[in-house]
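Have a look at my_file-v1.csv; it's CSV, C-alpha atoms and all ligand atoms:
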chain,number,residue,atom,x,y,z
A,1,VAL,CA,46.2,-34.0,77.0
A,2,LYS,CA,49.6,-32.4,76.6
A,3,ASN,CA,52.2,-34.2,74.6
A,4,ILE,CA,53.7,-36.8,77.0
A,5,GLU,CA,57.3,-36.0,75.9
A,6,LYS,CA,56.8,-32.6,77.3
A,7,MET,CA,56.1,-33.9,80.7
A,8,ILE,CA,59.6,-33.9,82.3
A,9,ASN,CA,58.8,-33.8,86.0
A,10,VAL,CA,56.1,-34.8,88.4
A,11,ASN,CA,54.9,-31.2,88.8
A,12,ASP,CA,54.1,-31.2,85.0
A,13,TYR,CA,51.8,-34.1,85.7
A,14,ALA,CA,50.2,-32.3,88.7
A,15,GLU,CA,49.5,-29.3,86.5
A,16,GLN,CA,48.0,-31.4,83.7
A,17,ALA,CA,45.9,-33.4,86.2
A,18,GLN,CA,44.4,-30.2,87.4
A,19,VAL,CA,43.4,-29.3,83.9
A,20,VAL,CA,41.9,-32.7,83.2
A,21,LEU,CA,39.9,-33.3,86.4
A,22,PRO,CA,36.6,-31.6,87.4
A,23,PRO,CA,37.4,-29.1,90.2
A,24,GLU,CA,35.7,-31.1,92.9
A,25,ILE,CA,37.7,-34.2,92.1
A,26,TRP,CA,41.0,-32.2,91.8
A,27,ASN,CA,40.2,-30.8,95.3
A,28,TYR,CA,39.6,-34.3,96.7
A,29,LEU,CA,43.0,-35.5,95.2
A,30,ASP,CA,45.1,-32.6,95.9
A,31,GLY,CA,43.7,-31.1,99.1
A,32,GLY,CA,44.3,-31.6,102.8
A,33,ALA,CA,42.6,-30.8,106.1
A,34,GLU,CA,41.7,-27.3,107.2
A,35,ASP,CA,44.5,-24.8,106.3
A,36,GLU,CA,46.5,-27.6,104.7
A,37,TRP,CA,49.7,-26.8,106.7
A,38,SER,CA,50.3,-30.5,107.3
A,39,ARG,CA,50.1,-31.1,103.6
A,40,ALA,CA,52.4,-28.2,102.8
A,41,ASN,CA,54.8,-29.2,105.5
A,42,ASN,CA,55.3,-32.6,103.9
A,43,ASN,CA,56.4,-31.0,100.7
A,44,ASN,CA,58.3,-28.0,102.0
A,45,ALA,CA,60.3,-29.8,104.8
A,46,PHE,CA,62.4,-31.6,102.2
A,47,ASN,CA,64.1,-28.3,101.4
A,48,LYS,CA,65.5,-28.0,104.9
A,49,TYR,CA,67.7,-31.0,104.3
A,50,LYS,CA,70.7,-30.7,102.0
A,51,LEU,CA,72.5,-33.5,100.2
A,52,LEU,CA,76.3,-33.7,100.7
A,53,PRO,CA,78.0,-34.9,97.5
A,54,ARG,CA,81.3,-36.8,97.6
A,55,ILE,CA,84.0,-36.5,95.0
A,56,LEU,CA,86.2,-38.8,92.9
A,57,ASN,CA,84.2,-42.0,93.6
A,58,ASP,CA,83.7,-44.5,90.8
A,59,VAL,CA,79.9,-44.3,90.0
A,60,GLN,CA,79.9,-45.8,86.5
A,61,GLU,CA,77.7,-48.6,87.8
A,62,ARG,CA,74.9,-47.9,90.1
A,63,SER,CA,72.3,-49.9,92.0
A,64,LEU,CA,68.9,-48.7,93.0
A,65,THR,CA,67.5,-52.0,94.1
A,66,THR,CA,66.4,-52.9,97.6
A,67,THR,CA,64.0,-55.2,99.4
A,68,VAL,CA,60.9,-54.5,101.5
A,69,LEU,CA,59.7,-57.3,103.8
A,70,GLY,CA,61.9,-59.7,101.8
A,71,THR,CA,60.6,-58.7,98.4
A,72,ASP,CA,63.0,-57.4,95.8
A,73,ILE,CA,62.1,-54.1,94.3
A,74,THR,CA,63.9,-52.3,91.4
A,75,THR,CA,63.7,-48.8,93.0
A,76,PRO,CA,63.0,-47.8,96.6
A,77,MET,CA,59.5,-46.5,95.8
A,78,LEU,CA,56.2,-48.4,96.4
A,79,LEU,CA,52.7,-47.3,95.2
A,80,ALA,CA,50.7,-46.2,98.2
A,81,PRO,CA,47.0,-47.1,98.7
A,82,THR,CA,44.9,-44.3,97.2
A,83,SER,CA,41.2,-44.4,96.7
A,84,PRO,CA,38.9,-44.3,95.0
A,85,LEU,CA,41.0,-44.4,91.9
A,86,ARG,CA,37.9,-44.8,89.7
A,87,LEU,CA,37.4,-41.0,90.3
A,88,MET,CA,40.7,-40.4,88.6
A,89,HIS,CA,40.7,-42.7,85.5
A,90,GLU,CA,38.7,-45.5,84.0
A,91,GLU,CA,41.5,-48.0,84.6
A,92,ALA,CA,41.4,-47.2,88.3
A,93,GLU,CA,43.4,-49.7,90.5
A,94,ILE,CA,44.0,-52.0,87.5
A,95,ALA,CA,46.5,-49.4,86.3
A,96,GLN,CA,48.1,-49.2,89.8
A,97,VAL,CA,48.7,-53.0,90.1
A,98,LYS,CA,49.8,-53.5,86.4
A,99,ALA,CA,52.2,-50.6,86.6
A,100,ALA,CA,53.7,-51.9,89.8
A,101,ASP,CA,54.2,-55.3,88.1
A,102,SER,CA,55.9,-53.9,85.0
A,103,LEU,CA,58.0,-51.5,87.1
A,104,GLY,CA,59.1,-54.2,89.5
A,105,THR,CA,57.7,-52.7,92.7
A,106,VAL,CA,55.0,-53.2,95.3
A,107,ALA,CA,51.5,-51.8,94.9
A,108,ILE,CA,49.5,-51.5,98.1
A,109,CYS,CA,45.8,-52.0,97.3
A,110,SER,CA,43.3,-50.0,99.3
A,111,MET,CA,40.3,-51.6,101.0
A,112,ASP,CA,38.3,-48.8,99.3
A,113,SER,CA,39.0,-50.0,95.7
A,114,HIS,CA,36.4,-50.0,93.0
A,115,TYR,CA,37.5,-53.5,92.0
A,116,ASP,CA,37.4,-56.3,94.6
A,117,LEU,CA,40.6,-57.6,96.1
A,118,GLU,CA,40.4,-61.0,94.3
A,119,TYR,CA,40.1,-59.3,90.9
A,120,LEU,CA,43.1,-57.0,91.6
A,121,ALA,CA,45.2,-59.9,92.8
A,122,LYS,CA,44.5,-61.6,89.5
A,123,SER,CA,45.3,-58.5,87.5
A,124,GLY,CA,48.5,-57.6,89.3
A,125,GLY,CA,51.8,-59.4,89.7
A,126,GLU,CA,53.3,-61.2,92.7
A,127,ASN,CA,54.0,-58.1,94.8
A,128,LEU,CA,50.8,-56.8,96.1
A,129,TRP,CA,50.1,-55.7,99.7
A,130,PHE,CA,46.6,-55.2,101.0
A,131,GLN,CA,45.6,-52.1,103.0
A,132,LEU,CA,42.8,-52.5,105.6
A,133,TYR,CA,40.2,-50.0,106.6
A,134,CYS,CA,37.6,-51.5,109.0
A,135,TYR,CA,33.9,-51.6,108.1
A,136,GLY,CA,30.8,-53.3,109.5
A,137,SER,CA,32.0,-55.5,112.4
A,138,ARG,CA,35.0,-57.5,113.6
A,139,ASN,CA,33.5,-60.6,112.0
A,140,TYR,CA,33.0,-58.9,108.7
A,141,MET,CA,36.6,-57.8,108.8
A,142,LYS,CA,37.9,-61.3,109.7
A,143,GLU,CA,36.2,-62.6,106.6
A,144,VAL,CA,37.9,-59.8,104.6
A,145,ILE,CA,41.2,-60.8,106.0
A,146,SER,CA,40.7,-64.4,105.2
A,147,ARG,CA,39.9,-63.4,101.6
A,148,VAL,CA,43.2,-61.4,101.6
A,149,ASN,CA,45.0,-64.5,102.9
A,150,ARG,CA,43.6,-66.6,100.0
A,151,ALA,CA,44.2,-64.0,97.3
A,152,ASN,CA,48.0,-64.1,97.4
A,153,TYR,CA,48.8,-60.7,98.9
A,154,LYS,CA,52.2,-60.4,100.6
A,155,ALA,CA,51.5,-58.2,103.5
A,156,LEU,CA,48.6,-56.6,105.4
A,157,VAL,CA,48.9,-52.9,105.9
A,158,ILE,CA,46.7,-51.4,108.6
A,159,THR,CA,46.1,-47.6,108.1
A,160,VAL,CA,45.5,-46.2,111.6
A,161,ASP,CA,45.2,-42.5,111.0
A,162,ALA,CA,41.9,-42.2,109.1
A,163,PHE,CA,39.2,-43.8,111.3
A,164,TYR,CA,37.4,-40.4,111.8
A,165,PRO,CA,36.2,-38.2,109.1
A,166,PRO,CA,38.5,-35.2,108.5
A,167,ARG,CA,37.6,-31.5,107.8
A,168,ARG,CA,38.8,-31.1,104.3
A,169,GLU,CA,37.5,-27.6,103.5
A,170,ARG,CA,38.2,-27.6,99.8
A,171,MET,CA,35.9,-30.7,99.6
A,172,MET,CA,33.3,-29.2,101.9
A,173,ARG,CA,33.1,-26.1,99.7
A,174,SER,CA,32.8,-28.0,96.5
A,175,GLY,CA,30.1,-30.3,98.0
A,176,PHE,CA,31.9,-33.5,97.0
A,177,VAL,CA,29.7,-36.6,96.8
A,178,LEU,CA,30.9,-40.0,95.7
A,179,PRO,CA,29.6,-40.4,92.1
A,180,SER,CA,27.4,-43.5,91.6
A,181,ASN,CA,29.8,-45.1,89.0
A,182,VAL,CA,32.4,-45.5,91.8
A,183,GLU,CA,31.9,-48.7,93.6
A,184,MET,CA,33.4,-50.1,96.8
A,185,GLY,CA,34.3,-53.5,95.4
A,186,ASN,CA,35.2,-55.0,98.8
A,187,LEU,CA,32.0,-53.9,100.5
A,188,THR,CA,29.4,-55.3,98.1
A,189,ASN,CA,28.2,-57.9,100.6
A,190,LEU,CA,28.2,-55.5,103.6
A,191,GLU,CA,24.8,-54.5,104.8
A,192,VAL,CA,24.8,-50.7,105.0
A,193,THR,CA,22.2,-49.0,107.2
A,194,PRO,CA,21.5,-45.3,107.4
A,195,GLU,CA,23.4,-45.2,110.7
A,196,ASN,CA,26.7,-46.3,109.1
A,197,ARG,CA,26.5,-44.1,106.1
A,198,ARG,CA,28.2,-40.7,106.0
A,199,ASN,CA,26.7,-37.6,104.3
A,200,ASP,CA,29.1,-37.8,101.4
A,201,GLY,CA,27.8,-41.3,100.6
A,202,SER,CA,30.7,-43.2,102.0
A,203,VAL,CA,30.4,-45.9,104.7
A,204,LYS,CA,31.6,-45.2,108.3
A,205,ARG,CA,34.7,-47.0,109.4
A,206,PHE,CA,35.1,-48.4,112.9
A,207,ALA,CA,38.1,-47.4,114.9
A,208,LEU,CA,40.7,-49.9,116.1
A,209,THR,CA,42.6,-49.7,119.4
A,210,TRP,CA,45.9,-51.4,120.4
A,211,SER,CA,44.1,-54.5,121.6
A,212,ASP,CA,42.7,-55.1,118.1
A,213,LEU,CA,46.2,-56.0,116.8
A,214,GLN,CA,45.7,-59.3,118.6
A,215,TRP,CA,42.8,-60.6,116.6
A,216,ILE,CA,44.2,-59.2,113.4
A,217,ARG,CA,47.5,-61.0,114.1
A,218,GLU,CA,45.5,-64.2,114.7
A,219,ALA,CA,43.5,-63.8,111.5
A,220,THR,CA,46.6,-63.8,109.2
A,221,SER,CA,50.1,-65.1,109.0
A,222,LEU,CA,51.1,-62.3,106.6
A,223,PRO,CA,53.6,-59.6,107.8
A,224,ILE,CA,51.8,-56.7,109.4
A,225,VAL,CA,52.5,-53.1,108.5
A,226,ILE,CA,51.1,-50.1,110.4
A,227,LYS,CA,50.6,-47.0,108.3
A,228,GLY,CA,50.1,-43.7,110.0
A,229,ILE,CA,52.9,-43.5,112.6
A,230,MET,CA,54.1,-40.1,113.7
A,231,HIS,CA,55.2,-40.6,117.3
A,232,GLU,CA,58.3,-42.5,118.3
A,233,GLU,CA,56.4,-44.0,121.3
A,234,ASP,CA,53.8,-45.4,119.0
A,235,ALA,CA,56.5,-46.8,116.8
A,236,ALA,CA,58.1,-48.5,119.7
A,237,LYS,CA,54.8,-49.9,121.0
A,238,ALA,CA,53.9,-51.3,117.6
A,239,VAL,CA,57.2,-53.0,117.2
A,240,ASP,CA,56.9,-54.5,120.7
A,241,LEU,CA,53.6,-55.9,119.6
A,242,GLY,CA,55.3,-57.7,116.7
A,243,VAL,CA,54.6,-55.4,113.8
A,244,ASP,CA,57.0,-56.0,110.9
A,245,ALA,CA,57.1,-52.6,109.3
A,246,LEU,CA,56.0,-49.1,109.9
A,247,VAL,CA,55.0,-46.3,107.5
A,248,VAL,CA,55.7,-42.9,108.8
A,249,SER,CA,52.7,-41.0,107.5
A,250,ASN,CA,50.3,-38.2,108.3
A,251,HIS,CA,48.0,-39.3,105.6
A,252,GLY,CA,49.2,-36.7,103.2
A,253,GLY,CA,48.0,-33.9,105.6
A,254,ARG,CA,44.4,-35.0,104.8
A,255,GLN,CA,43.3,-35.9,108.3
A,256,LEU,CA,44.8,-33.6,111.1
A,257,ASP,CA,46.2,-30.2,110.3
A,258,GLN,CA,49.2,-28.7,112.1
A,259,VAL,CA,51.3,-31.9,112.4
A,260,PRO,CA,55.0,-32.1,111.4
A,261,SER,CA,56.1,-33.3,108.1
A,262,THR,CA,56.9,-37.0,107.7
A,263,ILE,CA,60.5,-36.3,106.7
A,264,ASP,CA,61.0,-34.3,110.0
A,265,SER,CA,59.4,-37.2,112.0
A,266,LEU,CA,61.5,-39.9,110.4
A,267,SER,CA,64.8,-39.8,112.2
A,268,SER,CA,63.5,-40.1,115.8
A,269,ILE,CA,61.4,-43.1,114.8
A,270,VAL,CA,64.3,-44.8,113.0
A,271,ARG,CA,66.6,-44.2,116.0
A,272,ARG,CA,63.9,-45.5,118.4
A,273,ILE,CA,63.2,-48.7,116.4
A,274,GLU,CA,66.9,-49.7,116.2
A,275,GLY,CA,66.3,-51.9,113.1
A,276,ARG,CA,63.7,-54.1,114.8
A,277,ALA,CA,61.2,-53.3,112.0
A,278,GLU,CA,61.5,-51.8,108.5
A,279,VAL,CA,60.6,-48.1,108.4
A,280,LEU,CA,59.0,-46.6,105.3
A,281,LEU,CA,58.0,-43.0,104.6
A,282,VAL,CA,55.1,-41.5,102.7
A,283,GLY,CA,54.3,-37.8,102.2
A,284,GLY,CA,55.2,-35.2,99.7
A,285,ILE,CA,57.6,-37.1,97.4
A,286,MET,CA,57.8,-35.1,94.2
A,287,ARG,CA,61.5,-35.5,93.4
A,288,GLY,CA,64.2,-38.1,93.2
A,289,THR,CA,66.2,-36.1,95.7
A,290,ASP,CA,63.2,-36.4,98.2
A,291,VAL,CA,63.6,-40.2,98.0
A,292,LEU,CA,67.4,-40.0,98.6
A,293,LYS,CA,66.8,-37.7,101.7
A,294,ALA,CA,64.4,-40.2,103.2
A,295,LEU,CA,66.9,-43.1,102.6
A,296,ALA,CA,69.7,-41.1,104.1
A,297,LEU,CA,67.6,-40.5,107.2
A,298,GLY,CA,67.0,-44.2,107.6
A,299,ALA,CA,63.9,-45.1,105.6
A,300,LYS,CA,64.1,-48.5,103.7
A,301,ALA,CA,61.9,-47.1,100.9
A,302,VAL,CA,59.2,-44.6,100.3
A,303,LEU,CA,55.6,-44.7,99.1
A,304,LEU,CA,54.3,-42.5,96.3
A,305,GLY,CA,50.8,-41.1,96.8
A,306,ARG,CA,49.5,-38.2,94.8
A,307,SER,CA,52.5,-38.2,92.4
A,308,TYR,CA,51.6,-41.5,90.7
A,309,VAL,CA,47.9,-40.6,90.9
A,310,TYR,CA,48.6,-37.4,88.8
A,311,GLY,CA,50.1,-39.8,86.3
A,312,LEU,CA,47.1,-42.0,86.4
A,313,VAL,CA,44.8,-39.0,85.8
A,314,VAL,CA,46.7,-37.9,82.8
A,315,ASP,CA,47.4,-41.2,81.0
A,316,GLY,CA,46.2,-44.3,83.0
A,317,GLN,CA,48.8,-47.0,83.5
A,318,ASN,CA,51.2,-45.3,81.1
A,319,GLY,CA,51.1,-42.2,83.2
A,320,VAL,CA,51.8,-44.1,86.4
A,321,GLU,CA,54.8,-45.7,84.8
A,322,HIS,CA,56.0,-42.5,83.3
A,323,VAL,CA,55.9,-40.7,86.7
A,324,TYR,CA,57.7,-43.6,88.3
A,325,ASN,CA,60.4,-43.7,85.6
A,326,ILE,CA,60.9,-39.9,85.8
A,327,LEU,CA,61.5,-40.3,89.6
A,328,ARG,CA,63.8,-43.3,89.0
A,329,ASP,CA,65.8,-41.2,86.5
A,330,GLU,CA,66.0,-38.3,89.0
A,331,ILE,CA,67.2,-40.7,91.7
A,332,ASP,CA,69.8,-42.2,89.4
A,333,ASN,CA,71.1,-38.8,88.3
A,334,ALA,CA,71.2,-37.4,91.8
A,335,LEU,CA,73.0,-40.5,93.1
A,336,THR,CA,75.6,-40.1,90.4
A,337,GLN,CA,76.1,-36.5,91.2
A,338,MET,CA,76.5,-37.4,94.8
A,339,GLY,CA,79.2,-39.8,94.1
A,340,VAL,CA,77.2,-42.7,95.5
A,341,SER,CA,76.9,-45.9,93.6
A,342,ASN,CA,74.5,-47.9,95.7
A,343,ILE,CA,71.4,-46.5,97.5
A,344,ALA,CA,72.4,-48.8,100.4
A,345,ASP,CA,75.4,-46.5,101.0
A,346,LEU,CA,73.3,-43.5,101.8
A,347,ASN,CA,73.4,-42.6,105.5
A,348,SER,CA,73.5,-39.7,107.9
A,349,SER,CA,76.8,-38.5,106.5
A,350,SER,CA,75.0,-38.0,103.1
A,351,ILE,CA,72.8,-35.2,104.4
A,352,ILE,CA,72.7,-32.1,106.6
A,353,TYR,CA,69.8,-30.3,108.3
A,354,ASP,CA,69.9,-26.7,107.4
A,355,LYS,CA,68.0,-24.7,110.0
A,356,GLN,CA,67.6,-21.4,108.2
B,1,LIG,C1,43.2,-39.3,96.8
B,1,LIG,C2,43.8,-40.0,97.9
B,1,LIG,C3,43.3,-41.2,98.4
B,1,LIG,C4,43.9,-41.9,99.5
B,1,LIG,N1,43.3,-43.1,99.9
B,1,LIG,C5,44.0,-43.8,100.8
B,1,LIG,C6,43.5,-45.1,101.2
B,1,LIG,O1,42.5,-45.6,100.7
B,1,LIG,N2,44.2,-45.7,102.2
B,1,LIG,C7,45.3,-45.2,102.8
B,1,LIG,O2,45.9,-45.9,103.6
B,1,LIG,N3,45.8,-44.0,102.4
B,1,LIG,C8,45.2,-43.3,101.5
B,1,LIG,N4,45.6,-42.1,101.1
B,1,LIG,C9,46.9,-41.6,101.7
B,1,LIG,C10,48.1,-42.0,100.8
B,1,LIG,O3,48.4,-43.4,100.9
B,1,LIG,C11,49.4,-41.2,101.3
B,1,LIG,O4,49.7,-41.6,102.6
B,1,LIG,C12,49.3,-39.7,101.1
B,1,LIG,O5,48.7,-39.4,99.9
B,1,LIG,C13,50.6,-39.0,101.3
B,1,LIG,O6,51.4,-39.2,100.2
B,1,LIG,P1,51.6,-38.1,99.1
B,1,LIG,O7,52.0,-36.8,99.8
B,1,LIG,O8,52.7,-38.7,98.2
B,1,LIG,O9,50.3,-37.9,98.4
B,1,LIG,C14,45.0,-41.4,100.1
B,1,LIG,C15,45.6,-40.2,99.5
B,1,LIG,C16,45.0,-39.5,98.5
B,1,LIG,C17,45.7,-38.3,97.9
Would it be possible to restate this file's structure as structure tokens?
Amino acid sequence: VKNIEKMINVNDYAEQAQVVLPPEIWNYLDGGAEDEWSRANNNNAFNKYKLLPRILNDVQERSLTTTVLGTDITTPMLLAPTSPLRLMHEEAEIAQVKAADSLGTVAICSMDSHYDLEYLAKSGGENLWFQLYCYGSRNYMKEVISRVNRANYKALVITVDAFYPPRRERMMRSGFVLPSNVEMGNLTNLEVTPENRRNDGSVKRFALTWSDLQWIREATSLPIVIKGIMHEEDAAKAVDLGVDALVVSNHGGRQLDQVPSTIDSLSSIVRRIEGRAEVLLVGGIMRGTDVLKALALGAKAVLLGRSYVYGLVVDGQNGVEHVYNILRDEIDNALTQMGVSNIADLNSSSIIYDKQ
């Protein structure tokens, strides 16, 4: 592994992760659906927005702190659910939850983790959220939710854009199959029949509909977050049904190709919600300036996906923390250059949309 001091931006970690990983796992991590336009849009769209610096402000002291669903975080970046992290590094999700704890942010633990949710809750700090995918039956999932309730998670995130298997061509070509050392720690007591197993070895998810929010709401008193919103009508509907936060997400371009970037989708959703729920964004964050743009357009915070996983691949928990700290330094530097002392002061006057 390259000397860690030489890693000065997230892209350095991406390049190194590609060197370290077997090609089929790199393709699983980095790839998207079909022609990967959605994935590329997420990254490229940030360049259409330009930051507008202000002059002569006193920015000697700066604040990057904020809250998400009432929890204080040191920097407006959470660690997204990504799975199975055991493919990426021995430490798997343990690195994710421990890094979040030492960085003072929230880690969102995926239902598809190698380690079970109780073990992760014990290994991490106080700021863990749990992300649900649904397997087996409603009754099985009610039991999972009651385990989440008992295990000290602070919010329940329902990912709604990945019920159906996508067409990820890079993976199809490399014949990706889940290796046998990767477990599904939260599914160990689920009876898996040939009918609910997919060709790649994974277990079929069952799809939720709007009416399912009712029993999920009744199964927990935790705040509910919907991850995978791209349409303002859906955002409004979710908020009408009492959802506490939304994550604008196209699943990193891994599910449906030819959708807009999340940064382009953010403003209309923020306007529509009128502050009735917190809005978070995930997709393509590789720079501190990307984070500032999302905040200026109304996101409360962003989630990091692949970027922290590149760090995990290269150096476990250390790598996750280093990636996060690089982005934090970039945010702090960009904020200073912009003449803004507090991230809360970023707003629509801090940014322009540049059509060309
Ligand atoms: C390898 C990998 C695994 C993922 N697994 C999950 C998951 O288990 N649950 C989930 O809600 N999203 C999952 N996602 C989506 C991420 O949470 C995130 O929305 C996406 O990667 C976009 O962010 P990015 O562009 O920063 O990577 C996964 C993404 C990747 C790259």
Which residues of chain A sit at most 7 Å from ligand LIG 1 (chain B), using only C-alpha atoms and all ligand atoms? Give each one's shortest atom pair and distance in Å (one decimal place), in chain and ascending residue order, as CSV.
residue,atom,partner,partner_atom,distance
A:Tyr28,CA,B:LIG1,C1,6.2
A:Leu29,CA,B:LIG1,C1,4.1
A:Asp30,CA,B:LIG1,C17,6.1
A:Asn42,CA,B:LIG1,O7,6.7
A:Ala80,CA,B:LIG1,O3,4.5
A:Pro81,CA,B:LIG1,O3,4.5
A:Thr82,CA,B:LIG1,N1,3.4
A:Ser83,CA,B:LIG1,N1,4.0
A:Pro84,CA,B:LIG1,C3,6.4
A:Ser110,CA,B:LIG1,O1,4.7
A:Met111,CA,B:LIG1,O1,6.4
A:Asp112,CA,B:LIG1,O1,5.5
A:Gln131,CA,B:LIG1,O2,6.2
A:Thr159,CA,B:LIG1,O2,4.8
A:Lys227,CA,B:LIG1,O2,6.7
A:Ser249,CA,B:LIG1,O4,5.8
A:Asn250,CA,B:LIG1,O4,6.7
A:His251,CA,B:LIG1,O4,4.1
A:Gly252,CA,B:LIG1,C13,3.3
A:Val282,CA,B:LIG1,O6,5.0
A:Gly283,CA,B:LIG1,O7,3.5
A:Gly284,CA,B:LIG1,O7,3.6
A:Ile285,CA,B:LIG1,O8,5.2
A:Leu303,CA,B:LIG1,O8,6.7
A:Leu304,CA,B:LIG1,O8,4.5
A:Gly305,CA,B:LIG1,O8,3.4
A:Arg306,CA,B:LIG1,O9,3.7
A:Ser307,CA,B:LIG1,O8,5.8
So which one's closest to A:Ile331, A:Leu120, A:Ala238, A:Val144, A:Met77? Using only C-alpha atoms, please.
->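 Going through A:Leu120, A:Ala238, A:Val144, A:Met77 one by one, the smallest distance to A:Ile331 is for A:Met77.
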For the interface of stretch 171-246 of chain A with stretch 62-72 of chain A (cut-off 9 Å, counting all atoms listed in the file), please tabulate each contacting residue of stretch 171-246 of chain A alongside its nearest pair of atoms and their separation in Å to one decimal, rows sorted by chain and increasing number, as JSON lines.
{"residue": "A:Pro223", "atom": "CA", "partner": "A:Leu69", "partner_atom": "CA", "distance": 7.6}
{"residue": "A:Asp244", "atom": "CA", "partner": "A:Leu69", "partner_atom": "CA", "distance": 7.7}
{"residue": "A:Ala245", "atom": "CA", "partner": "A:Leu69", "partner_atom": "CA", "distance": 7.7}
Interatomic distance (Å, one decimal) between atom CA of A:Val320 and atom CA of A:Val59 | 28.3 Å
For A:Gln255: contacts at 12 Å, only C-alpha atoms, fewer than 3 positions along chain excluded, given as an MDAnalysis selection string | chainID A and resid 31:39 160:169 228 249:252 258:259
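Distance check against A:Gly311 using only C-alpha atoms: of A:His89, A:Arg197, A:Lys6, A:Arg276, the minimum falls on A:His89.
Straight-line separation from atom CA of A:Asn333 to atom CA of A:Leu297: 19.3 Å.
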Two-atom distance - atom CA of A:Val239, atom CA of A:Ala277 (Å) = 6.6 Å
May I ask which of the residues A:Phe176, A:Tyr135, A:Phe206, A:Tyr353 is the closest one to A:Ser267, counting all atoms listed in the file?
->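 Nearest to A:Ser267: A:Tyr353.
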Contact check, stretch 74-157 of chain A to stretch 326-329 of chain A, at most 12 Å, counting only C-alpha atoms, closest pairs as JSON lines:
{"residue": "A:Thr74", "atom": "CA", "partner": "A:Arg328", "partner_atom": "CA", "distance": 9.3}
{"residue": "A:Thr75", "atom": "CA", "partner": "A:Arg328", "partner_atom": "CA", "distance": 6.8}
{"residue": "A:Pro76", "atom": "CA", "partner": "A:Arg328", "partner_atom": "CA", "distance": 8.9}
{"residue": "A:Met77", "atom": "CA", "partner": "A:Arg328", "partner_atom": "CA", "distance": 8.7}
{"residue": "A:Leu78", "atom": "CA", "partner": "A:Arg328", "partner_atom": "CA", "distance": 11.8}
{"residue": "A:Leu103", "atom": "CA", "partner": "A:Arg328", "partner_atom": "CA", "distance": 10.2}
{"residue": "A:Gly104", "atom": "CA", "partner": "A:Arg328", "partner_atom": "CA", "distance": 11.9}
{"residue": "A:Thr105", "atom": "CA", "partner": "A:Arg328", "partner_atom": "CA", "distance": 11.8}
Could you put an axis-aligned box around every listed atom of stretch 39-47 of chain A, padded by 5 Å on each side, and send me its centre and edge lengths in Å to one decimal, as lines of an AutoDock Vina configuration file?
center_x = 57.1
center_y = -30.3
center_z = 103.1
size_x = 24.0
size_y = 14.6
size_z = 14.8
Please work out which residues fall within 12 Å of (77.7, -32.5, 91.9), coordinates as given in the file, with only C-alpha atoms counting, and return them as number ranges by chain.
-> A: 51-57, 333-340
Put those residues in a file: C-alpha atoms, as a PDB file, in the frame of the given file.
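Contents of the output file result19.pdb:
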ATOM      1  CA  LEU A  51      72.500 -33.500 100.200  1.00  0.00           C
ATOM      2  CA  LEU A  52      76.300 -33.700 100.700  1.00  0.00           C
ATOM      3  CA  PRO A  53      78.000 -34.900  97.500  1.00  0.00           C
ATOM      4  CA  ARG A  54      81.300 -36.800  97.600  1.00  0.00           C
ATOM      5  CA  ILE A  55      84.000 -36.500  95.000  1.00  0.00           C
ATOM      6  CA  LEU A  56      86.200 -38.800  92.900  1.00  0.00           C
ATOM      7  CA  ASN A  57      84.200 -42.000  93.600  1.00  0.00           C
ATOM      8  CA  ASN A 333      71.100 -38.800  88.300  1.00  0.00           C
ATOM      9  CA  ALA A 334      71.200 -37.400  91.800  1.00  0.00           C
ATOM     10  CA  LEU A 335      73.000 -40.500  93.100  1.00  0.00           C
ATOM     11  CA  THR A 336      75.600 -40.100  90.400  1.00  0.00           C
ATOM     12  CA  GLN A 337      76.100 -36.500  91.200  1.00  0.00           C
ATOM     13  CA  MET A 338      76.500 -37.400  94.800  1.00  0.00           C
ATOM     14  CA  GLY A 339      79.200 -39.800  94.100  1.00  0.00           C
ATOM     15  CA  VAL A 340      77.200 -42.700  95.500  1.00  0.00           C
TER      16      VAL A 340
END
Compile the contact shell of A:Lys355 as a PyMOL selection string: residues with an atom at most 12 Å away, counting only C-alpha atoms, same-chain residues fewer than 6 positions apart removed.
-> chain A and resi 45-50+264
Distance criterion (only C-alpha atoms): nearest to A:Asp332 out of A:Leu292, A:Ile229, A:Ala92, A:Val247 |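 Among the listed residues, the smallest separation from A:Asp332 belongs to A:Leu292.
Of the listed residues A:Ile8, A:Val279, A:Val270, A:Leu87, the one whose atoms come nearest to A:Leu178 is A:Leu87, with distances taken using all atoms listed in the file.
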Leaving out stretch 150-154 of chain A and any residue of its chain fewer than 3 positions from it, which residues lie within 7 Å of it when counting only C-alpha atoms, given as a ChimeraX atom specification?
-> /A:118,121,127-130,146-147,222
Write out as a list in words which residues come within 10 Å of A:Glu90 when counting only C-alpha atoms, dropping same-chain ones fewer than 4 positions away.
->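 What passes the distance filter is Leu85, Arg86, Ile94, Ala95, Leu312, Val313 and Gly316 of chain A.
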Go ahead and dump the residues you just picked, C-alpha atoms, as a PDB file, keeping the file's coordinate frame.
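As written to disk, again03.pdb reads:
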ATOM      1  CA  LEU A  85      41.000 -44.400  91.900  1.00  0.00           C
ATOM      2  CA  ARG A  86      37.900 -44.800  89.700  1.00  0.00           C
ATOM      3  CA  ILE A  94      44.000 -52.000  87.500  1.00  0.00           C
ATOM      4  CA  ALA A  95      46.500 -49.400  86.300  1.00  0.00           C
ATOM      5  CA  LEU A 312      47.100 -42.000  86.400  1.00  0.00           C
ATOM      6  CA  VAL A 313      44.800 -39.000  85.800  1.00  0.00           C
ATOM      7  CA  GLY A 316      46.200 -44.300  83.000  1.00  0.00           C
TER       8      GLY A 316
END
